[in-house]
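Take a look at the structure below.
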Amino acid sequence: SPTWFMDCNEYCRKRQRELSALGATGVACVLLDPAGRAAASKDFNHTDAAIVRLLEGSVAVFVEGGGTLFLLKSLRRSLDLATDGGGRSSFAELLQSRVKDGSLAYVGVSAGSVVAGDTASVALIWSDRGAQLLDGNYAALGLVSQCIFLPHFKPDQEAWMQQYAWSLRDGSGPDPACPGCRVMTVPQCQPLSWGRASSQRPWGLQYMCPSLFR
């Protein structure tokens, strides 16, 4: 998702460079929201039919962060494939089919990781913006059965997370009861290895908090 300090064209090019540097080939950046495409250059203003064709030729998909509930709404939107004689599948349905048959790898960051779970209601820990778009239905892609992903987790969110986990079990929260569901928290600070002088222990480990502006 484009950020407040970077437009969609600049953001797409940035991600293409980063993923290509990691060894990815033929990186395409697509915007699921038709309204968002209006601000994009022709390089990124793909039609729904073009997006489907790109997905068909892909072996992996990288789903960005941003507003989780807005992302979920965009994933659910019926694609306009009438000109290709296709149906009205959503991007979510296409992803689910490919990932579950093993023909597509899914990588999600931030909001992209949240929507990979059974429900995106865990995103309410940050904000309920966009909730009105979902009509109370927070069901996500369900790529991992009975698992909910909570990225950017911090120790002071433990009490909220425990209460949320209990609400999943008894159905007292925004989702139907799911006694077997578990929340997987991903800490905001990630461990990184770093080198030391040869006279000392060769490798150490420290936690680094990623900066939005880095």
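By convention in this document, the chains of the structure tokens carry letters A, B, ... by their order, each chain's residues are numbered from 1, and ligands are numbered from 1 in the order they are shown.
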Which polymer residues have any atom within 9 Å of an atom of Ala28 of chain A, counting only C-alpha atoms, with same-chain residues fewer than 3 positions away left out, as a PDB file with N, CA and C atoms, in the first residue's frame?
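This is the output file result_5.pdb:
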ATOM      1  N   CYS A  12       5.919   1.422  -5.780  1.00  0.00           N
ATOM      2  CA  CYS A  12       6.014   0.216  -6.613  1.00  0.00           C
ATOM      3  C   CYS A  12       7.436   0.028  -7.142  1.00  0.00           C
ATOM      4  N   GLN A  16       9.938  -3.097  -6.379  1.00  0.00           N
ATOM      5  CA  GLN A  16      10.497  -3.864  -7.490  1.00  0.00           C
ATOM      6  C   GLN A  16      12.019  -3.962  -7.375  1.00  0.00           C
ATOM      7  N   ASP A  43       2.534   1.892 -16.133  1.00  0.00           N
ATOM      8  CA  ASP A  43       3.291   0.693 -15.766  1.00  0.00           C
ATOM      9  C   ASP A  43       2.588  -0.117 -14.684  1.00  0.00           C
ATOM     10  N   PHE A  44       1.768   0.542 -13.872  1.00  0.00           N
ATOM     11  CA  PHE A  44       1.142  -0.126 -12.736  1.00  0.00           C
ATOM     12  C   PHE A  44      -0.385  -0.077 -12.783  1.00  0.00           C
ATOM     13  N   LEU A  54      -1.201 -11.994 -14.991  1.00  0.00           N
ATOM     14  CA  LEU A  54       0.077 -11.916 -14.284  1.00  0.00           C
ATOM     15  C   LEU A  54       0.153 -12.964 -13.179  1.00  0.00           C
TER      16      LEU A  54
END
Judged by only C-alpha atoms, the minimum distance to Gly36 of chain A among A:Leu69, A:Val63, A:Ala105, A:Cys8 is found for A:Cys8
Please provide the set of residues having any atom within 10 Å of segment 109-123 of chain A, restricted to only C-alpha atoms, with same-chain residues fewer than 4 positions apart removed, written as number ranges by chain.
-> A: 1, 62-72, 75, 92, 96, 127-129, 131, 136-152, 160-161, 164-165, 168, 173-175, 178, 181-184, 186
Expected file contents, prior selection, C-alpha atoms, as a CSV table (one decimal), in the first residue's frame:
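New file out.csv:
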chain,number,residue,atom,x,y,z
A,1,SER,CA,0.0,0.0,0.0
A,62,PHE,CA,4.2,-10.5,-2.2
A,63,VAL,CA,1.3,-8.9,-0.4
A,64,GLU,CA,2.1,-5.5,1.1
A,65,GLY,CA,1.2,-3.8,4.3
A,66,GLY,CA,-1.1,-0.8,4.9
A,67,GLY,CA,-4.7,-0.7,6.1
A,68,THR,CA,-5.6,-4.3,6.9
A,69,LEU,CA,-9.3,-4.0,6.6
A,70,PHE,CA,-9.1,-2.0,3.4
A,71,LEU,CA,-6.8,-4.6,1.9
A,72,LEU,CA,-9.3,-7.4,2.9
A,75,LEU,CA,-9.1,-8.8,-1.9
A,92,ALA,CA,-8.8,-13.7,-2.7
A,96,GLN,CA,-6.5,-19.3,-2.1
A,127,SER,CA,-7.7,0.7,14.5
A,128,ASP,CA,-11.3,0.0,13.3
A,129,ARG,CA,-10.8,2.1,10.2
A,131,ALA,CA,-14.5,-2.0,9.5
A,136,GLY,CA,-19.0,-7.5,10.5
A,137,ASN,CA,-17.3,-10.3,8.5
A,138,TYR,CA,-13.6,-10.4,9.2
A,139,ALA,CA,-12.9,-13.8,7.6
A,140,ALA,CA,-9.5,-13.7,5.8
A,141,LEU,CA,-7.7,-16.0,3.4
A,142,GLY,CA,-7.3,-18.9,5.8
A,143,LEU,CA,-4.1,-20.0,4.2
A,144,VAL,CA,-3.1,-21.5,7.6
A,145,SER,CA,-5.9,-23.3,9.3
A,146,GLN,CA,-7.0,-22.0,12.7
A,147,CYS,CA,-4.2,-19.5,12.8
A,148,ILE,CA,-4.3,-15.7,13.3
A,149,PHE,CA,-1.3,-13.6,12.6
A,150,LEU,CA,-0.5,-10.5,14.7
A,151,PRO,CA,2.6,-8.7,13.4
A,152,HIS,CA,4.4,-5.7,15.1
A,160,TRP,CA,-5.2,-7.3,24.7
A,161,MET,CA,-4.0,-10.3,22.9
A,164,TYR,CA,-8.7,-11.4,22.1
A,165,ALA,CA,-7.6,-15.1,22.1
A,168,LEU,CA,-12.0,-16.4,19.7
A,173,GLY,CA,-15.6,-11.1,20.0
A,174,PRO,CA,-16.2,-10.0,16.4
A,175,ASP,CA,-15.8,-13.5,15.0
A,178,CYS,CA,-13.2,-20.9,17.0
A,181,CYS,CA,-7.8,-20.9,16.8
A,182,ARG,CA,-4.5,-19.6,18.0
A,183,VAL,CA,-2.8,-16.3,17.7
A,184,MET,CA,0.7,-16.2,16.3
A,186,VAL,CA,5.4,-11.7,15.4
If you count only C-alpha atoms, which residues fall within 12 Å of Ala39 of chain A, apart from same-chain ones fewer than 3 positions away, as a list of chain:residue names?
->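 Once the nearby chain positions are removed, what remains is A:Pro2, A:Asp7, A:Cys8, A:Asn9, A:Glu10, A:Leu31, A:Asp33, A:Pro34, A:Ala35, A:Gly36, A:Lys42, A:Asp43, A:Phe44, A:Asn45, A:His46.
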Got a sec to tell me which of segment 63-206 of chain A DSSP assigns to alpha helix (DSSP H), as a ChimeraX atom specification?
-> /A:68-76,91-100,111-114,158-170
Residues just named, written with C-alpha atoms as a short mmCIF file (atom, residue, chain, number, x, y, z; two decimals), in the first residue's frame:
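Just written: result12.cif:
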data_model
loop_
_atom_site.label_atom_id
_atom_site.label_comp_id
_atom_site.auth_asym_id
_atom_site.auth_seq_id
_atom_site.Cartn_x
_atom_site.Cartn_y
_atom_site.Cartn_z
CA THR A 68 -5.58 -4.30 6.86
CA LEU A 69 -9.35 -3.97 6.58
CA PHE A 70 -9.12 -1.95 3.36
CA LEU A 71 -6.79 -4.63 1.95
CA LEU A 72 -9.25 -7.38 2.88
CA LYS A 73 -12.09 -5.50 1.18
CA SER A 74 -9.98 -5.14 -1.98
CA LEU A 75 -9.09 -8.83 -1.95
CA ARG A 76 -12.78 -9.74 -1.76
CA PHE A 91 -8.42 -12.00 -6.10
CA ALA A 92 -8.76 -13.71 -2.70
CA GLU A 93 -10.34 -16.78 -4.29
CA LEU A 94 -7.63 -16.97 -6.93
CA LEU A 95 -4.90 -16.72 -4.28
CA GLN A 96 -6.52 -19.35 -2.07
CA SER A 97 -6.81 -21.82 -4.92
CA ARG A 98 -3.21 -21.41 -6.09
CA VAL A 99 -1.65 -21.41 -2.61
CA LYS A 100 -3.60 -24.43 -1.43
CA ALA A 111 -1.35 -6.28 6.73
CA GLY A 112 -0.37 -8.85 4.12
CA SER A 113 0.50 -11.30 6.88
CA VAL A 114 -2.70 -10.57 8.84
CA GLU A 158 -0.08 -8.91 25.82
CA ALA A 159 -3.25 -8.23 27.86
CA TRP A 160 -5.21 -7.25 24.75
CA MET A 161 -3.96 -10.31 22.89
CA GLN A 162 -4.94 -12.69 25.70
CA GLN A 163 -8.44 -11.20 25.87
CA TYR A 164 -8.74 -11.44 22.11
CA ALA A 165 -7.62 -15.08 22.15
CA TRP A 166 -10.31 -15.92 24.71
CA SER A 167 -12.95 -14.16 22.60
CA LEU A 168 -12.02 -16.42 19.70
CA ARG A 169 -12.65 -19.49 21.81
CA ASP A 170 -16.07 -18.49 23.14
#
Would you mind writing down, as a ChimeraX atom specification, each residue of segment 95-209 of chain A that DSSP on the backbone assigns to strand (DSSP E or B)?
-> /A:105-108,119,139,147-153,182-187,190-195,203-208
Which distance in Å separates atom CA of Phe153 of chain A and atom CA of Cys29 of chain A, to one decimal?
->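 Rounded to one decimal, the two atoms are 27.6 Å apart.
Taking only C-alpha atoms into account, Ser78 of chain A lies nearest to A:Ala49 out of the set A:Val27, A:Ala38, A:Leu55, A:Ala49.
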In Å, rounded to a single decimal, give me how far atom CA of Ile51 of chain A is from atom CA of Ser89 of chain A.
-> 12.2 Å
